[in-house]
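*Asks:* Hey, dropping my_file.pdb in here, PDB, C-alpha atoms and all ligand atoms:
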```
ATOM      1  CA  MET A 162     257.503  50.539 138.550
ATOM      2  CA  SER A 163     259.546  53.401 137.238
ATOM      3  CA  THR A 164     262.787  54.517 138.869
ATOM      4  CA  ASP A 165     260.747  57.432 140.253
ATOM      5  CA  ARG A 166     258.273  55.124 141.879
ATOM      6  CA  ALA A 167     261.067  52.930 143.319
ATOM      7  CA  GLY A 168     262.645  56.119 144.689
ATOM      8  CA  ASN A 169     259.322  57.149 146.221
ATOM      9  CA  VAL A 170     258.917  53.732 147.852
ATOM     10  CA  ARG A 171     262.442  53.959 149.275
ATOM     11  CA  GLN A 172     261.836  57.441 150.658
ATOM     12  CA  MET A 173     258.477  56.408 152.070
ATOM     13  CA  PHE A 174     260.028  53.503 153.994
ATOM     14  CA  GLY A 175     262.777  55.850 155.160
ATOM     15  CA  ARG A 176     260.166  58.201 156.635
ATOM     16  CA  ILE A 177     258.134  55.628 158.548
ATOM     17  CA  VAL A 178     261.064  53.992 160.359
ATOM     18  CA  PRO A 179     260.476  55.549 163.827
ATOM     19  CA  ARG A 180     257.068  53.919 164.327
ATOM     20  CA  TYR A 181     257.488  51.033 161.871
ATOM     21  CA  ASP A 182     257.838  48.213 164.438
ATOM     22  CA  LEU A 183     255.013  49.575 166.597
ATOM     23  CA  LEU A 184     252.683  49.751 163.607
ATOM     24  CA  ASN A 185     253.588  46.209 162.558
ATOM     25  CA  ARG A 186     252.564  44.948 165.995
ATOM     26  CA  LEU A 187     249.332  46.963 165.965
ATOM     27  CA  MET A 188     248.269  46.238 162.381
ATOM     28  CA  SER A 189     248.899  42.494 162.746
ATOM     29  CA  LEU A 190     247.264  42.374 166.197
ATOM     30  CA  GLY A 191     250.577  41.143 167.546
ATOM     31  CA  MET A 192     250.829  38.205 165.127
ATOM     32  CA  ASP A 193     253.704  39.406 162.922
ATOM     33  CA  GLY A 194     256.383  37.906 165.185
ATOM     34  CA  ARG A 195     254.749  34.498 164.870
ATOM     35  CA  TRP A 196     254.609  34.854 161.072
ATOM     36  CA  ARG A 197     258.310  35.741 160.907
ATOM     37  CA  ARG A 198     259.191  32.789 163.155
ATOM     38  CA  ALA A 199     257.269  30.509 160.765
ATOM     39  CA  ALA A 200     259.035  32.079 157.764
ATOM     40  CA  ALA A 201     262.459  31.623 159.365
ATOM     41  CA  ALA A 202     261.679  27.988 160.228
ATOM     42  CA  SER A 203     260.591  27.331 156.613
ATOM     43  CA  ALA A 204     264.021  28.509 155.453
ATOM     44  CA  ARG A 205     265.638  25.685 157.530
ATOM     45  CA  PRO A 206     268.325  28.088 158.731
ATOM     46  CA  ALA A 207     270.333  25.820 161.041
ATOM     47  CA  GLY A 208     273.959  26.133 159.891
ATOM     48  CA  ALA A 209     272.918  27.996 156.744
ATOM     49  CA  ARG A 210     274.285  31.086 155.035
ATOM     50  CA  ALA A 211     271.159  33.237 154.880
ATOM     51  CA  LEU A 212     270.117  36.400 153.086
ATOM     52  CA  ASP A 213     267.056  38.416 154.124
ATOM     53  CA  VAL A 214     266.012  40.771 151.327
ATOM     54  CA  GLY A 215     264.132  43.964 152.224
ATOM     55  CA  ALA A 216     265.134  43.334 155.815
ATOM     56  CA  GLY A 217     263.713  46.594 157.163
ATOM     57  CA  THR A 218     264.413  46.930 160.883
ATOM     58  CA  GLY A 219     265.940  43.438 160.952
ATOM     59  CA  ASP A 220     263.368  41.281 162.746
ATOM     60  CA  LEU A 221     263.435  38.351 160.307
ATOM     61  CA  ALA A 222     267.237  38.473 160.006
ATOM     62  CA  LEU A 223     267.515  38.309 163.796
ATOM     63  CA  GLU A 224     265.062  35.421 163.857
ATOM     64  CA  LEU A 225     267.149  33.520 161.280
ATOM     65  CA  ARG A 226     270.177  33.874 163.564
ATOM     66  CA  ARG A 227     268.094  32.858 166.584
ATOM     67  CA  GLN A 228     267.085  29.718 164.691
ATOM     68  CA  GLY A 229     270.710  28.812 164.030
ATOM     69  CA  ALA A 230     271.783  30.388 160.720
ATOM     70  CA  ALA A 231     275.592  30.350 160.505
ATOM     71  CA  TYR A 232     275.475  33.942 159.300
ATOM     72  CA  VAL A 233     272.879  36.298 157.948
ATOM     73  CA  VAL A 234     273.076  39.234 155.579
ATOM     74  CA  ALA A 235     270.191  41.678 156.049
ATOM     75  CA  ALA A 236     269.820  43.685 152.825
ATOM     76  CA  ASP A 237     267.609  46.692 152.196
ATOM     77  CA  PHE A 238     267.670  49.689 149.848
ATOM     78  CA  SER A 239     266.628  52.090 152.617
ATOM     79  CA  ALA A 240     269.581  53.435 154.612
ATOM     80  CA  GLU A 241     267.144  54.600 157.307
ATOM     81  CA  MET A 242     265.681  51.115 157.718
ATOM     82  CA  LEU A 243     269.182  49.650 157.936
ATOM     83  CA  ALA A 244     270.139  52.245 160.568
ATOM     84  CA  ALA A 245     267.205  51.036 162.670
ATOM     85  CA  ALA A 246     268.298  47.432 162.111
ATOM     86  CA  ARG A 247     271.839  48.395 163.145
ATOM     87  CA  ALA A 248     270.571  49.982 166.361
ATOM     88  CA  LYS A 249     268.630  46.802 167.124
ATOM     89  CA  THR A 250     271.425  44.366 166.306
ATOM     90  CA  ALA A 251     274.269  46.397 167.884
ATOM     91  CA  ALA A 252     273.173  45.383 171.374
ATOM     92  CA  SER A 253     273.772  41.708 170.589
ATOM     93  CA  ARG A 254     277.257  42.390 169.104
ATOM     94  CA  ASP A 255     276.543  39.605 166.680
ATOM     95  CA  THR A 256     279.421  39.482 164.220
ATOM     96  CA  ARG A 257     277.509  36.938 162.139
ATOM     97  CA  LEU A 258     274.778  39.354 161.165
ATOM     98  CA  ALA A 259     275.820  41.830 158.477
ATOM     99  CA  LEU A 260     273.849  44.663 156.924
ATOM    100  CA  ALA A 261     273.978  45.502 153.226
ATOM    101  CA  LEU A 262     272.558  48.498 151.415
ATOM    102  CA  ALA A 263     271.261  46.777 148.293
ATOM    103  CA  ASP A 264     268.447  46.779 145.769
ATOM    104  CA  ALA A 265     266.513  43.513 145.558
ATOM    105  CA  LEU A 266     266.555  43.823 141.768
ATOM    106  CA  HIS A 267     270.367  43.986 141.639
ATOM    107  CA  LEU A 268     271.727  41.974 144.539
ATOM    108  CA  PRO A 269     275.469  42.598 144.937
ATOM    109  CA  PHE A 270     276.332  38.937 145.522
ATOM    110  CA  PRO A 271     277.761  36.255 143.229
ATOM    111  CA  ASP A 272     275.577  33.381 142.045
ATOM    112  CA  ALA A 273     274.977  30.582 144.567
ATOM    113  CA  THR A 274     276.119  32.489 147.664
ATOM    114  CA  PHE A 275     273.327  31.614 150.117
ATOM    115  CA  ASP A 276     271.662  28.426 151.336
ATOM    116  CA  CYS A 277     268.443  30.293 152.011
ATOM    117  CA  VAL A 278     266.956  33.603 150.946
ATOM    118  CA  THR A 279     263.970  35.126 152.712
ATOM    119  CA  ASN A 280     261.796  38.185 152.239
ATOM    120  CA  ALA A 281     258.933  39.444 154.385
ATOM    121  CA  PHE A 282     256.388  42.026 153.211
ATOM    122  CA  VAL A 283     258.705  43.088 150.406
ATOM    123  CA  LEU A 284     257.466  41.587 147.141
ATOM    124  CA  ARG A 285     254.432  43.910 146.862
ATOM    125  CA  ASN A 286     256.840  46.820 146.720
ATOM    126  CA  LEU A 287     259.095  45.591 143.932
ATOM    127  CA  ALA A 288     259.094  47.212 140.519
ATOM    128  CA  ASP A 289     259.246  43.811 138.873
ATOM    129  CA  ILE A 290     258.282  40.856 141.076
ATOM    130  CA  PRO A 291     259.514  38.043 138.771
ATOM    131  CA  ALA A 292     262.815  39.889 138.252
ATOM    132  CA  GLY A 293     263.253  40.303 142.013
ATOM    133  CA  LEU A 294     262.487  36.640 142.617
ATOM    134  CA  ALA A 295     264.853  35.609 139.812
ATOM    135  CA  GLU A 296     267.592  37.657 141.463
ATOM    136  CA  MET A 297     266.943  35.920 144.794
ATOM    137  CA  ALA A 298     266.976  32.526 143.034
ATOM    138  CA  ARG A 299     270.279  33.446 141.345
ATOM    139  CA  VAL A 300     272.091  33.873 144.664
ATOM    140  CA  LEU A 301     270.764  30.563 146.067
ATOM    141  CA  THR A 302     272.976  27.477 146.127
ATOM    142  CA  PRO A 303     271.509  24.465 144.277
ATOM    143  CA  GLY A 304     268.806  23.031 146.530
ATOM    144  CA  GLY A 305     268.717  26.252 148.581
ATOM    145  CA  ARG A 306     265.408  27.528 149.897
ATOM    146  CA  LEU A 307     263.523  30.665 148.968
ATOM    147  CA  VAL A 308     260.891  31.834 151.472
ATOM    148  CA  CYS A 309     258.453  34.655 150.809
ATOM    149  CA  LEU A 310     256.100  36.017 153.465
ATOM    150  CA  ASP A 311     253.589  38.637 152.432
ATOM    151  CA  MET A 312     250.004  39.729 152.539
ATOM    152  CA  THR A 313     247.800  38.114 149.961
ATOM    153  CA  GLN A 314     244.397  38.729 148.420
ATOM    154  CA  PRO A 315     241.839  38.177 151.202
ATOM    155  CA  PRO A 316     239.534  35.158 150.817
ATOM    156  CA  PRO A 317     235.996  35.474 149.462
ATOM    157  CA  GLY A 318     233.106  35.505 151.941
ATOM    158  CA  LEU A 319     232.178  37.551 154.967
ATOM    159  CA  PHE A 320     235.567  37.524 156.692
ATOM    160  CA  GLY A 321     237.302  38.535 153.464
ATOM    161  CA  SER A 322     234.824  41.393 152.911
ATOM    162  CA  LEU A 323     235.266  42.653 156.466
ATOM    163  CA  TYR A 324     239.031  42.381 156.163
ATOM    164  CA  ARG A 325     238.974  44.248 152.829
ATOM    165  CA  TRP A 326     236.996  47.068 154.429
ATOM    166  CA  TYR A 327     239.413  47.195 157.382
ATOM    167  CA  PHE A 328     242.468  47.099 155.116
ATOM    168  CA  ASN A 329     241.240  49.585 152.524
ATOM    169  CA  HIS A 330     239.299  52.054 154.656
ATOM    170  CA  LEU A 331     239.976  51.783 158.387
ATOM    171  CA  LEU A 332     243.643  50.917 158.587
ATOM    172  CA  PRO A 333     245.141  53.645 156.349
ATOM    173  CA  PRO A 334     243.835  56.648 158.351
ATOM    174  CA  LEU A 335     244.522  54.954 161.704
ATOM    175  CA  ALA A 336     248.066  53.921 160.794
ATOM    176  CA  GLY A 337     248.588  57.272 159.081
ATOM    177  CA  ALA A 338     247.657  59.101 162.283
ATOM    178  CA  ILE A 339     249.895  56.931 164.480
ATOM    179  CA  SER A 340     252.851  57.131 162.104
ATOM    180  CA  GLY A 341     252.360  60.816 161.363
ATOM    181  CA  ASP A 342     252.663  59.922 157.659
ATOM    182  CA  PRO A 343     249.180  59.444 156.149
ATOM    183  CA  ALA A 344     250.535  59.131 152.587
ATOM    184  CA  ALA A 345     252.673  56.134 153.529
ATOM    185  CA  TYR A 346     249.739  54.174 154.836
ATOM    186  CA  ARG A 347     247.480  55.190 151.960
ATOM    187  CA  TYR A 348     250.084  53.377 149.853
ATOM    188  CA  LEU A 349     249.588  50.139 151.830
ATOM    189  CA  PRO A 350     246.246  48.968 150.317
ATOM    190  CA  HIS A 351     247.507  50.256 146.989
ATOM    191  CA  SER A 352     250.491  47.914 147.164
ATOM    192  CA  LEU A 353     248.196  44.886 147.342
ATOM    193  CA  HIS A 354     246.192  45.845 144.254
ATOM    194  CA  GLY A 355     247.412  43.762 141.368
ATOM    195  CA  PHE A 356     249.660  41.669 143.617
ATOM    196  CA  PRO A 357     249.461  38.044 142.388
ATOM    197  CA  PRO A 358     247.126  35.823 144.435
ATOM    198  CA  ALA A 359     248.951  33.036 146.284
ATOM    199  CA  PRO A 360     248.520  30.328 143.583
ATOM    200  CA  ASP A 361     249.782  32.749 140.914
ATOM    201  CA  LEU A 362     252.813  33.644 142.999
ATOM    202  CA  ALA A 363     253.586  29.931 143.393
ATOM    203  CA  ALA A 364     253.280  29.600 139.593
ATOM    204  CA  ILE A 365     255.770  32.463 139.129
ATOM    205  CA  LEU A 366     258.246  30.626 141.364
ATOM    206  CA  THR A 367     257.812  27.473 139.290
ATOM    207  CA  ASP A 368     258.150  29.416 136.017
ATOM    208  CA  LEU A 369     261.470  30.751 137.296
ATOM    209  CA  GLY A 370     262.731  27.174 137.461
ATOM    210  CA  LEU A 371     262.380  26.743 141.201
ATOM    211  CA  SER A 372     261.104  23.383 142.400
ATOM    212  CA  ASP A 373     258.569  22.349 144.970
ATOM    213  CA  ALA A 374     256.863  25.759 145.065
ATOM    214  CA  ARG A 375     254.124  25.695 147.668
ATOM    215  CA  TYR A 376     252.394  28.001 150.087
ATOM    216  CA  ARG A 377     250.319  28.054 153.192
ATOM    217  CA  LEU A 378     247.881  30.691 154.279
ATOM    218  CA  LEU A 379     248.048  32.380 157.677
ATOM    219  CA  ALA A 380     245.843  34.875 159.495
ATOM    220  CA  GLY A 381     242.556  33.653 158.051
ATOM    221  CA  GLY A 382     243.976  33.624 154.514
ATOM    222  CA  THR A 383     245.215  37.238 154.519
ATOM    223  CA  VAL A 384     248.932  36.352 154.690
ATOM    224  CA  ALA A 385     250.756  33.778 152.547
ATOM    225  CA  LEU A 386     254.010  31.964 153.238
ATOM    226  CA  HIS A 387     255.583  30.647 150.028
ATOM    227  CA  THR A 388     258.534  28.291 149.836
ATOM    228  CA  ALA A 389     260.477  26.886 146.900
ATOM    229  CA  ARG A 390     263.866  25.297 146.223
ATOM    230  CA  ALA A 391     266.551  26.263 143.750
TER     231      ALA A 391
HETATM  232  C1  LIG B   1     257.145  46.459 154.583
HETATM  233  S1  LIG B   1     258.863  46.578 154.819
HETATM  234  C2  LIG B   1     259.275  44.959 155.442
HETATM  235  C3  LIG B   1     260.503  44.977 156.308
HETATM  236  C4  LIG B   1     260.840  43.653 156.968
HETATM  237  N1  LIG B   1     261.131  42.621 156.006
HETATM  238  C5  LIG B   1     259.754  43.208 157.898
HETATM  239  O1  LIG B   1     259.389  42.043 157.864
HETATM  240  O2  LIG B   1     259.294  44.041 158.700
HETATM  241  C6  LIG B   1     259.496  46.507 153.182
HETATM  242  C7  LIG B   1     260.986  46.707 153.161
HETATM  243  O3  LIG B   1     261.451  46.372 151.866
HETATM  244  C8  LIG B   1     262.388  47.337 151.466
HETATM  245  N2  LIG B   1     262.392  47.349 150.004
HETATM  246  C9  LIG B   1     261.381  47.642 149.174
HETATM  247  N3  LIG B   1     261.781  47.549 147.890
HETATM  248  C10 LIG B   1     263.082  47.182 147.927
HETATM  249  C11 LIG B   1     264.062  46.938 146.931
HETATM  250  N4  LIG B   1     263.792  47.073 145.637
HETATM  251  N5  LIG B   1     265.281  46.570 147.327
HETATM  252  C12 LIG B   1     265.604  46.453 148.634
HETATM  253  N6  LIG B   1     264.731  46.694 149.637
HETATM  254  C13 LIG B   1     263.476  47.052 149.280
HETATM  255  C14 LIG B   1     261.905  48.635 152.104
HETATM  256  O4  LIG B   1     262.936  49.587 152.223
HETATM  257  C15 LIG B   1     261.406  48.135 153.445
HETATM  258  O5  LIG B   1     262.399  48.148 154.421
END
```
I need this file expressed as C-alpha cells, please.
Ligand SMILES: C[S@@+](CC[C@H](N)C(=O)[O-])C[C@H]1O[C@@H](n2cnc3c(N)ncnc32)[C@H](O)[C@@H]1O
*Replies:*
Amino acid sequence: MSTDRAGNVRQMFGRIVPRYDLLNRLMSLGMDGRWRRAAAASARPAGARALDVGAGTGDLALELRRQGAAYVVAADFSAEMLAAARAKTAASRDTRLALALADALHLPFPDATFDCVTNAFVLRNLADIPAGLAEMARVLTPGGRLVCLDMTQPPPGLFGSLYRWYFNHLLPPLAGAISGDPAAYRYLPHSLHGFPPAPDLAAILTDLGLSDARYRLLAGGTVALHTARA
C-alpha cells in the first residue's frame, strides 16, 4: 500500500466513526462482542501489560481491562477513532487504559514492552501485513502472546457462496446507506481480496519466528482468531 493509500484508509476510518459501532453490531448480527471477548481471553490478559493495535473505538482494549489486564494501551493512527475511544473510556475514569496515536507499522514503543498484543479487524488494512505483524512481535516480551482477530476467506460450499454474495453485493450498499459513506463500505469487500487465508496467515506468524501459531474459525468460518507466542 502506498503512503497515499494508507492516508486514504486513515481518512476513511476517520469519516465512519459516528456510526462505526452501530454498523459493527448490525454487520456481525450482534456477534462482534463475543468475538472480541474470545480474542481478549486468548491474550491471557490477567495481570498483563497489553497493547491493542488499531484499537478503533476501544472495544477490545476495554475488554482486555475487563478481563484483568494490568494496563492497556489502545493505539490507532486515526485521531477521530481515538477521540471516540476517549469518549467511551472517559466515563470509567480508568487510569490504566491509555490511548496512543500510532501507526501499526512504526509502533512507538521499545522492544519487549508488552505481555500481549492484540488486533481486531486491522490486518486487512495494513500496507504490509508481515511488517505490521513483525512490529507487533517486536514489542512483545519473550513468551508474550499475539492475538489477531479478523475476517477470513469464506469457506467453500453453499454457505460460503451465500456469504460471499452478502459480503460483496448486499452489505456494501446497505452499510453505505446507514453510514452515509458508500465509498467506505465499498472498500470493505475490497480489503478482503488478497488477504491471506487463515492457514497462510498462521504460516506468516511462524515465518516471523513466533511459536505455536494456531487459529480457530468463528462465525461459520468467516472470521479467524489467530494466536502465537513470541
Ligand atoms: C475495522 S477498524 C477495527 C477497530 C477495532 N479494532 C475494532 O475491533 O472495532 C480498523 C482500525 O484500524 C486502524 N488502522 C488501520 N491501519 C492502521 C495502521 N497502519 N496503524 C494504526 N491503526 C490502523 C483504523 O484507523 C481503524 O480504527
*Asks:* Taking (256.7, 46.7, 161.5) in the file's coordinates as the center, which residues reach within 10 Å of it, counting only C-alpha atoms, put as a compact mmCIF listing (two decimals) with C-alpha atoms, in the coordinates of the input?
*Replies:*
```txt
# COMPACT_ATOMS: atom_id res chain seq x y z
CA ILE A 177 258.13 55.63 158.55
CA VAL A 178 261.06 53.99 160.36
CA PRO A 179 260.48 55.55 163.83
CA ARG A 180 257.07 53.92 164.33
CA TYR A 181 257.49 51.03 161.87
CA ASP A 182 257.84 48.21 164.44
CA LEU A 183 255.01 49.58 166.60
CA LEU A 184 252.68 49.75 163.61
CA ASN A 185 253.59 46.21 162.56
CA ARG A 186 252.56 44.95 166.00
CA LEU A 187 249.33 46.96 165.96
CA MET A 188 248.27 46.24 162.38
CA SER A 189 248.90 42.49 162.75
CA ASP A 193 253.70 39.41 162.92
CA GLY A 194 256.38 37.91 165.18
CA GLY A 217 263.71 46.59 157.16
CA THR A 218 264.41 46.93 160.88
CA GLY A 219 265.94 43.44 160.95
CA ASP A 220 263.37 41.28 162.75
CA PHE A 282 256.39 42.03 153.21
```
*Asks:* So which one's closest to ligand LIG 1 (chain B), A:Met173, A:Leu268, A:Leu262, A:Val283? Using all atoms listed in the file, please.
*Replies:*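 Residue with the minimum atom-to-atom distance to ligand LIG 1 (chain B): A:Val283.
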*Asks:* Give as a PyMOL selection string the residues surrounding ligand LIG 1 (chain B) up to a distance of 9 Å, considering all atoms listed in the file.
*Replies:* chain A and resi 167+170-175+178+181-182+185+193-194+197+213-222+236-243+262-268+279-289+293+310-311+349
*Asks:* Please produce a file of the residues just selected, as an mmCIF file, keeping the file's coordinate frame, where the atoms kept are C-alpha atoms.
*Replies:*
```
data_model
loop_
_atom_site.group_PDB
_atom_site.id
_atom_site.type_symbol
_atom_site.label_atom_id
_atom_site.label_comp_id
_atom_site.auth_asym_id
_atom_site.auth_seq_id
_atom_site.Cartn_x
_atom_site.Cartn_y
_atom_site.Cartn_z
ATOM 1 C CA ALA A 167 261.067 52.930 143.319
ATOM 2 C CA VAL A 170 258.917 53.732 147.852
ATOM 3 C CA ARG A 171 262.442 53.959 149.275
ATOM 4 C CA GLN A 172 261.836 57.441 150.658
ATOM 5 C CA MET A 173 258.477 56.408 152.070
ATOM 6 C CA PHE A 174 260.028 53.503 153.994
ATOM 7 C CA GLY A 175 262.777 55.850 155.160
ATOM 8 C CA VAL A 178 261.064 53.992 160.359
ATOM 9 C CA TYR A 181 257.488 51.033 161.871
ATOM 10 C CA ASP A 182 257.838 48.213 164.438
ATOM 11 C CA ASN A 185 253.588 46.209 162.558
ATOM 12 C CA ASP A 193 253.704 39.406 162.922
ATOM 13 C CA GLY A 194 256.383 37.906 165.185
ATOM 14 C CA ARG A 197 258.310 35.741 160.907
ATOM 15 C CA ASP A 213 267.056 38.416 154.124
ATOM 16 C CA VAL A 214 266.012 40.771 151.327
ATOM 17 C CA GLY A 215 264.132 43.964 152.224
ATOM 18 C CA ALA A 216 265.134 43.334 155.815
ATOM 19 C CA GLY A 217 263.713 46.594 157.163
ATOM 20 C CA THR A 218 264.413 46.930 160.883
ATOM 21 C CA GLY A 219 265.940 43.438 160.952
ATOM 22 C CA ASP A 220 263.368 41.281 162.746
ATOM 23 C CA LEU A 221 263.435 38.351 160.307
ATOM 24 C CA ALA A 222 267.237 38.473 160.006
ATOM 25 C CA ALA A 236 269.820 43.685 152.825
ATOM 26 C CA ASP A 237 267.609 46.692 152.196
ATOM 27 C CA PHE A 238 267.670 49.689 149.848
ATOM 28 C CA SER A 239 266.628 52.090 152.617
ATOM 29 C CA ALA A 240 269.581 53.435 154.612
ATOM 30 C CA GLU A 241 267.144 54.600 157.307
ATOM 31 C CA MET A 242 265.681 51.115 157.718
ATOM 32 C CA LEU A 243 269.182 49.650 157.936
ATOM 33 C CA LEU A 262 272.558 48.498 151.415
ATOM 34 C CA ALA A 263 271.261 46.777 148.293
ATOM 35 C CA ASP A 264 268.447 46.779 145.769
ATOM 36 C CA ALA A 265 266.513 43.513 145.558
ATOM 37 C CA LEU A 266 266.555 43.823 141.768
ATOM 38 C CA HIS A 267 270.367 43.986 141.639
ATOM 39 C CA LEU A 268 271.727 41.974 144.539
ATOM 40 C CA THR A 279 263.970 35.126 152.712
ATOM 41 C CA ASN A 280 261.796 38.185 152.239
ATOM 42 C CA ALA A 281 258.933 39.444 154.385
ATOM 43 C CA PHE A 282 256.388 42.026 153.211
ATOM 44 C CA VAL A 283 258.705 43.088 150.406
ATOM 45 C CA LEU A 284 257.466 41.587 147.141
ATOM 46 C CA ARG A 285 254.432 43.910 146.862
ATOM 47 C CA ASN A 286 256.840 46.820 146.720
ATOM 48 C CA LEU A 287 259.095 45.591 143.932
ATOM 49 C CA ALA A 288 259.094 47.212 140.519
ATOM 50 C CA ASP A 289 259.246 43.811 138.873
ATOM 51 C CA GLY A 293 263.253 40.303 142.013
ATOM 52 C CA LEU A 310 256.100 36.017 153.465
ATOM 53 C CA ASP A 311 253.589 38.637 152.432
ATOM 54 C CA LEU A 349 249.588 50.139 151.830
#
```
*Asks:* Have a look at A:Thr256, A:Thr383, A:Thr302, A:Thr313 and name the one nearest to A:Phe275; count only C-alpha atoms.
*Replies:*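 Nearest to A:Phe275: A:Thr302.
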*Asks:* Applying the PyMOL selection byres (((chain A and resi 378) around 10) and not hetatm) to the file I just gave you, which residues come out? Please list them as an mmCIF file with C-alpha atoms, in the frame of the given file.
*Replies:*
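What ended up in result20.cif:
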```
data_model
loop_
_atom_site.group_PDB
_atom_site.id
_atom_site.type_symbol
_atom_site.label_atom_id
_atom_site.label_comp_id
_atom_site.auth_asym_id
_atom_site.auth_seq_id
_atom_site.Cartn_x
_atom_site.Cartn_y
_atom_site.Cartn_z
ATOM 1 C CA LEU A 310 256.100 36.017 153.465
ATOM 2 C CA ASP A 311 253.589 38.637 152.432
ATOM 3 C CA MET A 312 250.004 39.729 152.539
ATOM 4 C CA THR A 313 247.800 38.114 149.961
ATOM 5 C CA ALA A 359 248.951 33.036 146.284
ATOM 6 C CA TYR A 376 252.394 28.001 150.087
ATOM 7 C CA ARG A 377 250.319 28.054 153.192
ATOM 8 C CA LEU A 379 248.048 32.380 157.677
ATOM 9 C CA ALA A 380 245.843 34.875 159.495
ATOM 10 C CA GLY A 381 242.556 33.653 158.051
ATOM 11 C CA GLY A 382 243.976 33.624 154.514
ATOM 12 C CA THR A 383 245.215 37.238 154.519
ATOM 13 C CA VAL A 384 248.932 36.352 154.690
ATOM 14 C CA ALA A 385 250.756 33.778 152.547
ATOM 15 C CA LEU A 386 254.010 31.964 153.238
ATOM 16 C CA HIS A 387 255.583 30.647 150.028
#
```
*Asks:* Mind pulling up the distance from atom CA of A:Leu223 to atom CA of A:Ala251?
*Replies:*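 Atom-to-atom, atom CA of A:Ala251 to atom CA of A:Leu223, that is 11.3 Å.
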*Asks:* What is the atom CA of A:Arg257-atom CA of A:Pro206 distance in Å, reported with one decimal?
*Replies:*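 Taking atom CA of A:Arg257 and atom CA of A:Pro206, their separation equals 13.2 Å.
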*Asks:* Please write the residues picked by the PyMOL selection byres (((chain A and resi 274) around 10) and not hetatm) on this file as a PyMOL selection string.
*Replies:* chain A and resi 210-212+270-273+275-278+299-303+305
*Asks:* Check which residues of stretch 258-343 of chain A sit at most 10 Å from stretch 363-375 of chain A using all atoms listed in the file, and return one row each with the closest pair of atoms and their distance in Å to one decimal, ordered by chain and rising number, as a Markdown table.
*Replies:*
```
| residue | atom | partner | partner_atom | distance |
| --- | --- | --- | --- | --- |
| A:Ile290 | CA | A:Ile365 | CA | 9.0 |
| A:Pro291 | CA | A:Ile365 | CA | 6.7 |
| A:Ala292 | CA | A:Leu369 | CA | 9.3 |
| A:Leu294 | CA | A:Leu366 | CA | 7.5 |
| A:Ala295 | CA | A:Leu369 | CA | 6.4 |
| A:Ala298 | CA | A:Leu371 | CA | 7.6 |
| A:Pro303 | CA | A:Leu371 | CA | 9.9 |
| A:Gly304 | CA | A:Ser372 | CA | 8.7 |
| A:Gly305 | CA | A:Leu371 | CA | 9.7 |
| A:Arg306 | CA | A:Leu371 | CA | 9.2 |
| A:Leu307 | CA | A:Leu371 | CA | 8.8 |
| A:Val308 | CA | A:Ala374 | CA | 9.7 |
```
*Asks:* Could you tell me which residues the PyMOL selection byres (((chain A and resi 337) around 12) and not hetatm) grabs in this file, written as a PDB file with C-alpha atoms, keeping the file's coordinate frame?
*Replies:*
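Contents of result04.pdb, as written:
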```pdb
ATOM      1  CA  ARG A 176     260.166  58.201 156.635  1.00  0.00           C
ATOM      2  CA  ILE A 177     258.134  55.628 158.548  1.00  0.00           C
ATOM      3  CA  ARG A 180     257.068  53.919 164.327  1.00  0.00           C
ATOM      4  CA  TYR A 181     257.488  51.033 161.871  1.00  0.00           C
ATOM      5  CA  LEU A 184     252.683  49.751 163.607  1.00  0.00           C
ATOM      6  CA  MET A 188     248.269  46.238 162.381  1.00  0.00           C
ATOM      7  CA  HIS A 330     239.299  52.054 154.656  1.00  0.00           C
ATOM      8  CA  LEU A 331     239.976  51.783 158.387  1.00  0.00           C
ATOM      9  CA  LEU A 332     243.643  50.917 158.587  1.00  0.00           C
ATOM     10  CA  PRO A 333     245.141  53.645 156.349  1.00  0.00           C
ATOM     11  CA  PRO A 334     243.835  56.648 158.351  1.00  0.00           C
ATOM     12  CA  LEU A 335     244.522  54.954 161.704  1.00  0.00           C
ATOM     13  CA  ALA A 336     248.066  53.921 160.794  1.00  0.00           C
ATOM     14  CA  ALA A 338     247.657  59.101 162.283  1.00  0.00           C
ATOM     15  CA  ILE A 339     249.895  56.931 164.480  1.00  0.00           C
ATOM     16  CA  SER A 340     252.851  57.131 162.104  1.00  0.00           C
ATOM     17  CA  GLY A 341     252.360  60.816 161.363  1.00  0.00           C
ATOM     18  CA  ASP A 342     252.663  59.922 157.659  1.00  0.00           C
ATOM     19  CA  PRO A 343     249.180  59.444 156.149  1.00  0.00           C
ATOM     20  CA  ALA A 344     250.535  59.131 152.587  1.00  0.00           C
ATOM     21  CA  ALA A 345     252.673  56.134 153.529  1.00  0.00           C
ATOM     22  CA  TYR A 346     249.739  54.174 154.836  1.00  0.00           C
ATOM     23  CA  ARG A 347     247.480  55.190 151.960  1.00  0.00           C
ATOM     24  CA  TYR A 348     250.084  53.377 149.853  1.00  0.00           C
ATOM     25  CA  LEU A 349     249.588  50.139 151.830  1.00  0.00           C
TER      26      LEU A 349
END
```
*Asks:* Kindly give the distance, in Å, that separates atom CA of A:Asn169 and atom CA of A:Trp196, rounded to a single decimal.
*Replies:*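 A separation of 27.2 Å between them.
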